[in-house]
Amino acid sequence: GVWCSDVCSSDLSSGINAEYGDCFVPLYCSKAGLLFYTFEVLMSPRFILLAIVLGTIPNVRCQYEVADNLVHAKGRCISYGFSPTQNHRGEERLQYYKVYNGEPKHITEPAAVSNMKKLCPMFQNQAVCCDAQQVNEFATKIKLAANLVKHCASCWANFRMILCQQMCSPDQSTFMEVPEMFYPPLPNASLTARSFRTSLTKEYAVKLFDSCKEVTSFGLGAIAMICADVDCTYMRLLKELGDNSSRAPYHTDYYVGNSRSVEITPLKADTLTHCWEPSMEGEPKCSCDDCSNACDDSETVTAPPPSEPFQILGLDGIAAIMGALYVLLAFLICLHCLIRWIYGRYFRQSDSDSLDSGSSIGDIKRGLVKNLRHKMVSKGQTIDTIIANGFHIWSSICCRHPGKTMIGSILVSAVFISGLSYFTITTDPVKLWSSPTSTARQQKEFFDKHFTPFYRTTQVVIKPKGQAPFNYTVAANRYQNVTFGPVLSKEVLSEAMTLQNVLVNITARVNGQTVSLEDVCYKPLAPDNNNCAIMSPLQWFQNIPENLEIVKGDKNYLDHIYYCARNYLSPQDAQNTGIPCLGVFGGPAITNLVYGGYDEGEYEGAESILITIPLNNHLTNNTMALAWEKEFLNYMKEYENDKIQVSFSAERAIEDEISESSFQDLYTVFISYALMFLYVSLTLGKLQLSCSSNIIQAKSMVGFSGVIIVLCSVACSLGIFSFFGWEATLIVIEVVPFLVLAVGVDNIYILVQALQKDPPKSVSNVPQQISIVFGRIGPSMLLSACCETVAFSLGALSSMPAVRNFSLYAALAVFINFLLQCTAFLSVITWDLKRQLSGRFDCFCCFSNEEVENKSSRKGVVAVVIEKYWAPALFSSKCIRLAVVAFFFFISCASIGMMNRIDIGLDQTVALPHHSYLGDYYRDIFSQLRVGPPVYFVFQNKEDTWQRFPKRIGQDEICMGRSCNTTSALNYLKRQAQISDYSTIATPPNSWLDDYFSWLDPTFECCRIYYNGTFCPSTDRTSTCYPCLKKSDGERPPANLFFTHLPSFLNDNPNAEYCTKGGHALYADAVDFAYGKMRMTEDPVAIETAYFQTYHTPLHKSADFITAYKRALDIAEEMSSQVTNIMKSIGSLMFRIKTPIDL
């Protein structure tokens, strides 16, 4: 019989069809001749044509035979050894197994014996159905799986058990069958198995799956990574184990259920162990984090119950208290009014009569009160008189010599303003809002000093325009329809690919030098791989537009996306397009970092994709990165596309926007001052019905001078602080002038209005009259200025730099403004009064009108309105006055009652101009992003702790592996991820310490040395290298070797083929070593500090960030207390935290 495969290709076809040329035609043969494989295939024209052609060829040798004559019994094998085959290029490959139905054989080759002892100890020293070559090949392939599950002993043992049983069991034929076998087209070829069928009981399959389903690796579910499906089941796991040649020794179809024949006995679950039990090899049970049933009471973590809100009778407590307080006040007011009414109606006359009768008691009371009042008033009057006399004398001098006073004021102000030559402005958000003494700032500076500062993030959020979701049948999803978001359409991805490639090629110029992205980007695997670590789903297509067009059979780019979204660590998507999921930079494009706006686990419903380009950050010089970011922002601001809409940001974007918007606001400042000048000019003078009178009564020059004095006081304040090295902020420039203007104009009004009420009689009487008036109002102006200065100075107690600087600048500006009003402004008032009394026009002093001079004594319109209407109405009745008091008290109570509903924090979208492009970016980030910011838990060296850290007692209290203490610091942090809704810790931490131990494990062949003791990379397979540790050393290095290989681990790049545990990508800067005195040795002698990194849950509001930071601080404090309490014998440790959102 014949059957023509639909899969036909010359290079990238999967499965056996790739082995024999352009279109391999498998033949199913038997003695009976033609067999009907399926009705659909037999009725096709292709089949009929092929049958005719083959019918004309004599002596066609059958390549496939049905295995129906094998013996299935104990002590019998199904296969033994590899069968050489050829691919379409004629190259010999060892991919299939020989069919062998004989007895098991002993293995004698030393390396294979060693591997058998390590991987399949249940069959060591036995005759088995596998040869040395099979065992050694299996030892190589199983390393990748070991990286995922080895830390859970029961899972690891069960995982090896099923594979070892299939490959080497001496009773192989009792549970395995060969459904198809063939003869390779080679001379003297042996009968070869195309695939196998393994029978398992359902209990076996479920027990295998359950023992591993909670195991995590790299922060992800190990089983989910093997299955390439977050919703993996035991059937899906078995299918993946059988299909994926990188894990299984050969292709296997699993039959789960009872025996289908008397010859076959399915594997039973008694050979496996539960994850909460020690493994068959005596290894301890899995940890609590990898097996919830293994947890004891000390390892169980639950979130504390949410705090109950403060309530009274079911109402908000603060609001209820304020409401009750207001009701009480209203009651007292009503009671007071009632008592006053009763007293006035019934008792006032009788009291008057008794007092008139000469009551001695009444006289005594009135005398005591009068005497006490007189003493208090006299003391106050004495102080007021002294101050008033001082102002009288001072103003008299200034008014008699206005020119000299003005020149002196200008000279002193000029000296202060000259300090502006040292003026500097800061727009750095960190320096603006974070105090140098705050915990967050100190932790950031500590982190930046000992490690590399956090990356400079450049990011683009891409969303589709006018496209709808669409359905697609995904093969990996059991050929069921999956709804894909429009952002995953080929058109959108193509546009995104084009945009990303343009961004990668952006260049900038710095000091005559061309700066490209490669000069500034983060390269985690350099120098082995110099590609930039761009986080984007386009990495799944290797950033090549043509890869979006690849079609293999009924699978296309959507199948590849579906696969990579769930298996982004896969070095190759052999099931679909054959393209790697790993990015070209050697690392994974993690799904929740590149997709946005999807529901949990439903990645295909993403509403947006994200392109994130991290740039290297330095403490001092980031000139090249700043230049590249500027070109990036310039390009993105001009970018337009009909199919996609974008929002974007770069590290410098916030600072640029603050600076740009603030300088744009200078126009607003100018216009505001002009309007204020106009307002002051119109309202300072007495408005009359006569236009000629208004020209004389106007105070335009006085108002202009007052505004200039305000600006001068602000400039003096800036100059003084600049001279002493204080950095100004744009808030000071924007807000302080308005503030001082409001305060200064108040004093201007007081002085001018007082002179209008008591004007001088003649020009010669002007200085005397001004000194009299100023002596009367000067004390109130002094007290007002002192109160305002002190009030602003109290703001300097704030630790926030922006608030402190603003308060100090404002306080000094207000006080200088008062001094200038007592000097320069008195000169202006003197000149203006002389002009007014001479009948000269305001602003045009050369012109005058004597006829209207006498009308200037009339009251202004505003004064008339206040005196005749407003004041009488307000004070005409006690009820009105009480109503006014009650109204404002109600406003106060309501404000206090609602104060606790104010969200703490700063919304970035509010802090930016409404037209800023960053507004769209922040809205997209808060709504689309499905990952939180990273958080670093930092160990700080105290009392030489880390010099003793190589001892196991210290390691056990930090690490989180299976042999570590269950109460260790990292195990505590790992358990916090189980209550992420409360702790905001999303994933277990990345632990360089545990990965270092795994890297040293001789099983993985990661840590090797040359004969001279230098490090041998895992990729060097030609040189003779030796394991760093002996097997007798156990799981961890001896204390004297702890620091020997640690630098090599931190510099070793991981690779998918030989060693995935290299620490360079994740931990290159995670450890800060302490060296010998004066660095006389290159070998580290201690660890000064180190960090362990994890992620927060997605945070959407400023309040979420603050809560996350507080929870992280609490966790760090708890970790510090636990470790310190237990590790007293080896010193003490302190945990800090550092996170990009802690500021």
# chains A, B, ... in the order shown; residues from 1 in each chain; ligands from 1
$ residues_around --residues "Leu820 (chain A)" --least-positions-apart "3" --cutoff "10 Å" --atoms "only C-alpha atoms" --output "ChimeraX atom specification"
/A:406,409-410,413,706,709-710,712-713,744,814-817,823-826
$ residues_around --residues "Asp131 (chain A)" --least-positions-apart "4" --cutoff "8 Å" --atoms "only C-alpha atoms" --output "list in words"
Tyr80, Gly81, Lys105, Ile107 and Val135 of chain A
$ write_last_selection --atoms "C-alpha atoms" --output "PDB file, in the first residue's frame"
ATOM      1  CA  TYR A  80      18.536  -1.471  21.298  1.00  0.00           C
ATOM      2  CA  GLY A  81      20.975   1.081  19.948  1.00  0.00           C
ATOM      3  CA  LYS A 105      22.625  -6.478  27.727  1.00  0.00           C
ATOM      4  CA  ILE A 107      26.747  -1.676  29.745  1.00  0.00           C
ATOM      5  CA  VAL A 135      22.783   6.579  27.578  1.00  0.00           C
TER       6      VAL A 135
END
$ closest_residue --among "A:Ser114, A:Cys77, A:Val178, A:Thr591" --to "Lys1031 (chain A)" --atoms "only C-alpha atoms"
A:Ser114
$ residues_around --residues "Leu626 (chain A)" --least-positions-apart "3" --cutoff "12 Å" --atoms "only C-alpha atoms" --output "PyMOL selection string"
chain A and resi 456-458+507-510+515-517+519-521+615-618+621-623+629-633+650-653+655-656
$ residues_around --residues "Thr405 (chain A)" --least-positions-apart "6" --cutoff "12 Å" --atoms "only C-alpha atoms" --output "short mmCIF file (atom, residue, chain, number, x, y, z; two decimals) with C-alpha atoms, in the first residue's frame"
data_model
loop_
_atom_site.label_atom_id
_atom_site.label_comp_id
_atom_site.auth_asym_id
_atom_site.auth_seq_id
_atom_site.Cartn_x
_atom_site.Cartn_y
_atom_site.Cartn_z
CA TRP A 394 12.49 105.81 59.08
CA SER A 395 9.77 106.86 56.62
CA SER A 396 10.45 110.53 57.35
CA ILE A 397 14.10 110.10 56.33
CA CYS A 398 13.16 108.16 53.19
CA CYS A 399 10.49 110.62 52.10
CA LEU A 411 22.50 99.47 44.37
CA VAL A 412 21.81 96.96 47.15
CA LEU A 819 12.18 95.91 52.85
CA LEU A 820 11.90 97.39 49.35
CA GLN A 821 8.40 98.63 50.17
CA CYS A 822 9.83 100.39 53.21
CA THR A 823 12.47 102.10 51.08
CA ALA A 824 12.06 102.25 47.30
CA PHE A 825 8.28 102.23 47.34
CA LEU A 826 8.16 105.12 49.84
CA SER A 827 10.17 107.14 47.34
CA VAL A 828 7.68 106.25 44.60
CA THR A 830 6.41 110.54 47.70
#
$ select_by_dssp --residues "region 975-1033 of chain A" --states "strand (DSSP E or B)" --output "PyMOL selection string"
chain A and resi 985+990+1008-1009+1015-1016+1026-1027
$ write_last_selection --atoms "N, CA, C and O atoms" --output "mmCIF file, in the first residue's frame"
data_model
loop_
_atom_site.group_PDB
_atom_site.id
_atom_site.type_symbol
_atom_site.label_atom_id
_atom_site.label_comp_id
_atom_site.auth_asym_id
_atom_site.auth_seq_id
_atom_site.Cartn_x
_atom_site.Cartn_y
_atom_site.Cartn_z
ATOM 1 N N ILE A 985 4.315 41.389 45.406
ATOM 2 C CA ILE A 985 5.453 40.666 44.822
ATOM 3 C C ILE A 985 4.886 39.640 43.855
ATOM 4 O O ILE A 985 4.161 38.737 44.262
ATOM 5 N N ASN A 990 14.913 36.062 41.561
ATOM 6 C CA ASN A 990 16.031 35.446 40.850
ATOM 7 C C ASN A 990 17.212 35.385 41.808
ATOM 8 O O ASN A 990 17.694 36.415 42.276
ATOM 9 N N ARG A 1008 33.753 24.332 34.383
ATOM 10 C CA ARG A 1008 34.873 23.453 34.053
ATOM 11 C C ARG A 1008 36.147 24.289 34.021
ATOM 12 O O ARG A 1008 36.113 25.498 33.797
ATOM 13 N N ILE A 1009 37.278 23.640 34.218
ATOM 14 C CA ILE A 1009 38.563 24.340 34.222
ATOM 15 C C ILE A 1009 39.551 23.581 33.345
ATOM 16 O O ILE A 1009 39.445 22.364 33.156
ATOM 17 N N PHE A 1015 39.345 29.108 33.854
ATOM 18 C CA PHE A 1015 37.985 28.718 33.542
ATOM 19 C C PHE A 1015 37.858 28.253 32.101
ATOM 20 O O PHE A 1015 38.404 28.875 31.183
ATOM 21 N N CYS A 1016 37.095 27.182 31.896
ATOM 22 C CA CYS A 1016 36.847 26.614 30.574
ATOM 23 C C CYS A 1016 35.370 26.822 30.238
ATOM 24 O O CYS A 1016 34.503 26.242 30.895
ATOM 25 N N TYR A 1026 38.002 19.922 32.973
ATOM 26 C CA TYR A 1026 37.647 19.113 34.125
ATOM 27 C C TYR A 1026 36.605 19.859 34.966
ATOM 28 O O TYR A 1026 36.617 21.091 35.026
ATOM 29 N N PRO A 1027 35.700 19.150 35.633
ATOM 30 C CA PRO A 1027 34.707 19.814 36.484
ATOM 31 C C PRO A 1027 35.363 20.624 37.592
ATOM 32 O O PRO A 1027 36.425 20.249 38.114
#
$ closest_residue --among "A:Thr233, A:Leu220, A:Ile142, A:His392" --to "Ile770 (chain A)" --atoms "only C-alpha atoms"
A:His392
$ residues_around --residues "Ser169 (chain A)" --least-positions-apart "3" --cutoff "8 Å" --atoms "only C-alpha atoms" --output "PyMOL selection string"
chain A and resi 77+123+128-129+164-166+172
$ residues_around --residues "Ile708 (chain A)" --least-positions-apart "4" --cutoff "10 Å" --atoms "only C-alpha atoms" --output "PDB file with N, CA, C and O atoms, in the first residue's frame"
ATOM      1  N   TYR A 673       1.636  89.074  34.830  1.00  0.00           N
ATOM      2  CA  TYR A 673       2.144  90.288  35.459  1.00  0.00           C
ATOM      3  C   TYR A 673       1.575  91.539  34.776  1.00  0.00           C
ATOM      4  O   TYR A 673       1.286  92.551  35.436  1.00  0.00           O
ATOM      5  N   PHE A 677      -0.579  94.255  36.657  1.00  0.00           N
ATOM      6  CA  PHE A 677      -0.239  95.682  36.604  1.00  0.00           C
ATOM      7  C   PHE A 677      -1.445  96.514  36.205  1.00  0.00           C
ATOM      8  O   PHE A 677      -1.724  97.575  36.789  1.00  0.00           O
ATOM      9  N   VAL A 702       2.532 104.050  40.124  1.00  0.00           N
ATOM     10  CA  VAL A 702       2.663 103.387  41.425  1.00  0.00           C
ATOM     11  C   VAL A 702       2.491 101.880  41.274  1.00  0.00           C
ATOM     12  O   VAL A 702       3.253 101.087  41.826  1.00  0.00           O
ATOM     13  N   GLY A 703       1.459 101.477  40.516  1.00  0.00           N
ATOM     14  CA  GLY A 703       1.258 100.051  40.290  1.00  0.00           C
ATOM     15  C   GLY A 703       2.418  99.418  39.556  1.00  0.00           C
ATOM     16  O   GLY A 703       2.877  98.324  39.899  1.00  0.00           O
ATOM     17  N   PHE A 704       2.912 100.105  38.511  1.00  0.00           N
ATOM     18  CA  PHE A 704       4.050  99.568  37.763  1.00  0.00           C
ATOM     19  C   PHE A 704       5.264  99.417  38.669  1.00  0.00           C
ATOM     20  O   PHE A 704       5.983  98.408  38.628  1.00  0.00           O
ATOM     21  N   CYS A 712      11.900  92.499  41.456  1.00  0.00           N
ATOM     22  CA  CYS A 712      13.230  92.741  41.999  1.00  0.00           C
ATOM     23  C   CYS A 712      13.480  91.904  43.246  1.00  0.00           C
ATOM     24  O   CYS A 712      14.568  91.360  43.446  1.00  0.00           O
ATOM     25  N   SER A 713      12.455  91.786  44.100  1.00  0.00           N
ATOM     26  CA  SER A 713      12.616  90.981  45.325  1.00  0.00           C
ATOM     27  C   SER A 713      12.802  89.504  44.985  1.00  0.00           C
ATOM     28  O   SER A 713      13.604  88.810  45.622  1.00  0.00           O
ATOM     29  N   VAL A 714      12.078  89.020  43.971  1.00  0.00           N
ATOM     30  CA  VAL A 714      12.258  87.635  43.545  1.00  0.00           C
ATOM     31  C   VAL A 714      13.657  87.419  42.987  1.00  0.00           C
ATOM     32  O   VAL A 714      14.338  86.428  43.296  1.00  0.00           O
ATOM     33  N   LEU A 741       3.878  88.618  44.420  1.00  0.00           N
ATOM     34  CA  LEU A 741       3.051  89.688  43.858  1.00  0.00           C
ATOM     35  C   LEU A 741       1.756  89.847  44.653  1.00  0.00           C
ATOM     36  O   LEU A 741       1.335  90.964  44.979  1.00  0.00           O
TER      37      LEU A 741
END
$ atom_distance --atom1 "CA of Ser717 (chain A)" --atom2 "CA of Pro913 (chain A)"
27.6 Å
$ select_by_dssp --residues "region 376-535 of chain A" --states "helix (DSSP H, G or I)" --output "PyMOL selection string"
chain A and resi 376-400+402-422+429-433+439-450+475-477+486-488+490-504+517-520
$ residues_around --residues "region 483-498 of chain A" --least-positions-apart "6" --cutoff "9 Å" --atoms "only C-alpha atoms" --output "count of residues only"
34
$ closest_residue --among "A:Thr966, A:Ser991, A:Gln769, A:Thr1022" --to "Ala1070 (chain A)" --atoms "only C-alpha atoms"
A:Ser991
$ closest_residue --among "A:Cys1006, A:Val594, A:Asn965, A:Leu619" --to "Lys449 (chain A)" --atoms "only C-alpha atoms"
A:Leu619
$ closest_residue --among "A:Gln572, A:Asn1053, A:Asn293, A:Asn1040" --to "Thr1019 (chain A)" --atoms "only C-alpha atoms"
A:Asn1053
